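Undergrad: Structure below; questions to follow.
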Amino acid sequence: MDTLLAAIDLGSNSFRLSIGRVVQLDGVAQIYPIDRLKEHVRLAAGLGADNALDDDSVQRAIEALKRFAERIEGFHPNRVRAVATNTLRIASNAQQILPRLEDALGFPIEIISGQEEARLIFTGVSHELPPSPNRRLMIDIGGGSTEIIIGKEFKPLHLSSLHMGCVSYTRRFFPDGDITEERMRKAIMAARREVETIARLYKRAGWDEAFGSSGTAKGLIAVLAETGMSPKGITRDGLEKLKNKLIRDGKVDMASLPGLKPDRAVVLAGGLAIMLAAFQELKIDLMRAGDGALRMGVLYDLLGRDSKHDKRDETVKQFMRRYHIDAQQAQRVERIAMVLFEQLGLPDSSEKEELARIVSWVAKLHEVGISISHSNYDKHTAYVLGNADMPGFSTHDQAMLAAFALGHQGKLPKHMPEDTRAHWLALFCLRLAVLLCRRRETIAELPLTIRVENKRIVILASRKWLDSRPLTAYSLEGERKEWKKAGFSIQVEAVDD
């Protein structure tokens, strides 16, 4: 059965929508792009000195997303993923703008980290290239950031996101469009300083072939080929020739640069400086075009989630190993938390499914902080889950993990990223599971059940079991007092076996 998936990339220069059709061939799922939309929003151009986005750029973004919304109207939420990159990562007013953008699109928007962007780019490009055992270097120059990745097959080995992009560098070094030798030299040196921070590691790791993805690389390949400066992909000699031509012309002269699109012309100087710096620092000989990039990576990530191969599950397993989690205890807490979660009686929906995943993940990772210090380990766990690079997780995902981790014992968190009754009830299930597993013993049969009526929670517990566990009874009374502060009524009723 074919399925349609939609990926939206809110980049610093352009917004893009890609719709792919999932086709099962001999048990293997493949994505075939069937529709694409692109809007030149120039979001990064709206950043002021305080990194706040101005009203004009926000309005351009809203209008573009409204057009995208019409195309994906009727798509199931599980079939759509919208990601925002560097400009919204650094915008000081991003949290005030995000609800307006989501309202225009009609779907949630994730502001992803630079590491997650790099991972998705590698996933997208890898799936569009022929299979190969070679190590591959990939460079994606966006409007506000540049992602550089080394990987093999479908596994990234080194991921970096550098704070430089074709829009930001063009604004910084060529604000009026004039290109001089001195300006170009400064732009290249600034970019080389950025690449220098990863150059030693990347050269030591090594690669067999290099690919450039997204608009800057494709624009450079087209210009170099059409002008004869570099007939086969991007070469350092070709980049030098193009640089010298721009300096001689004093500007980007489209009439003498066949193959260059108008939207790419306005940011060519900044993109060229960054690419030339990467070639110089990493000693790249030849770079070819890599299709797919971020949007295709998002589509394949969606496909993985839909087929139950969620990248986030793999990340959780890696964190359990990295932080030496007691796997048996994590399994105990998760099992009981999920049993309690099902007793909440929440209506079936994609939101319920995602909330169940949050409870499961935090149950497995709630003791991450113990590897740092047993004292206040819940705070250490929350910090790690909120700030570590966690492939597959958006910043919103991580904020939810951190909030649940912080609130799995002790005082309830003052704020929740999604302040809904369902989220608070889910946290209650996690807290109760942790409380019940305090003895770190397997509980063959759960000695209690819960019944929920609005904000009233009734805990029906075995009288015999409750009488034999005064510490648990005392802890449940503490829960009752703590949840009363949050507006919930907790009642414990002892029932005869």
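Just remember, in the structure tokens the first chain shown is A, the second B, etc., residues are 1-based per chain, and ligands are 1-based in the order shown.
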Go through stretch 289-326 of chain A and collect every residue that DSSP, computed from the backbone, puts in alpha helix (DSSP H); the answer should be as a ChimeraX atom specification.

TA: /A:293-306,311-322

Undergrad: Fewer than 3 positions away in the same chain doesn't count, so skip those; otherwise give me all residues within 9 Å of stretch 459-472 of chain A, counting only C-alpha atoms, as an NGL selection string.

TA: :A and (435-436 or 438 or 447-452 or 475-477 or 490-497)

Undergrad: Given the choices A:Leu101, A:Thr3, A:His380, A:Leu427, which gets closest to A:Ser360 if the distance is worked out from only C-alpha atoms?

TA: A:Leu427

Undergrad: Nearest to A:Met164: which of A:Asp348, A:Asp176, A:Glu70, A:Asp140 is it, counting only C-alpha atoms?

TA: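 Selected residue with least distance to A:Met164: A:Asp140.
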
Undergrad: Could you check which of A:Thr180, A:Gly297, A:Tyr32, A:Asp50 is closest to A:Phe154, using only C-alpha atoms?

TA: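 Of A:Thr180, A:Gly297, A:Tyr32, A:Asp50, the one nearest A:Phe154, counting only C-alpha atoms, is A:Gly297.
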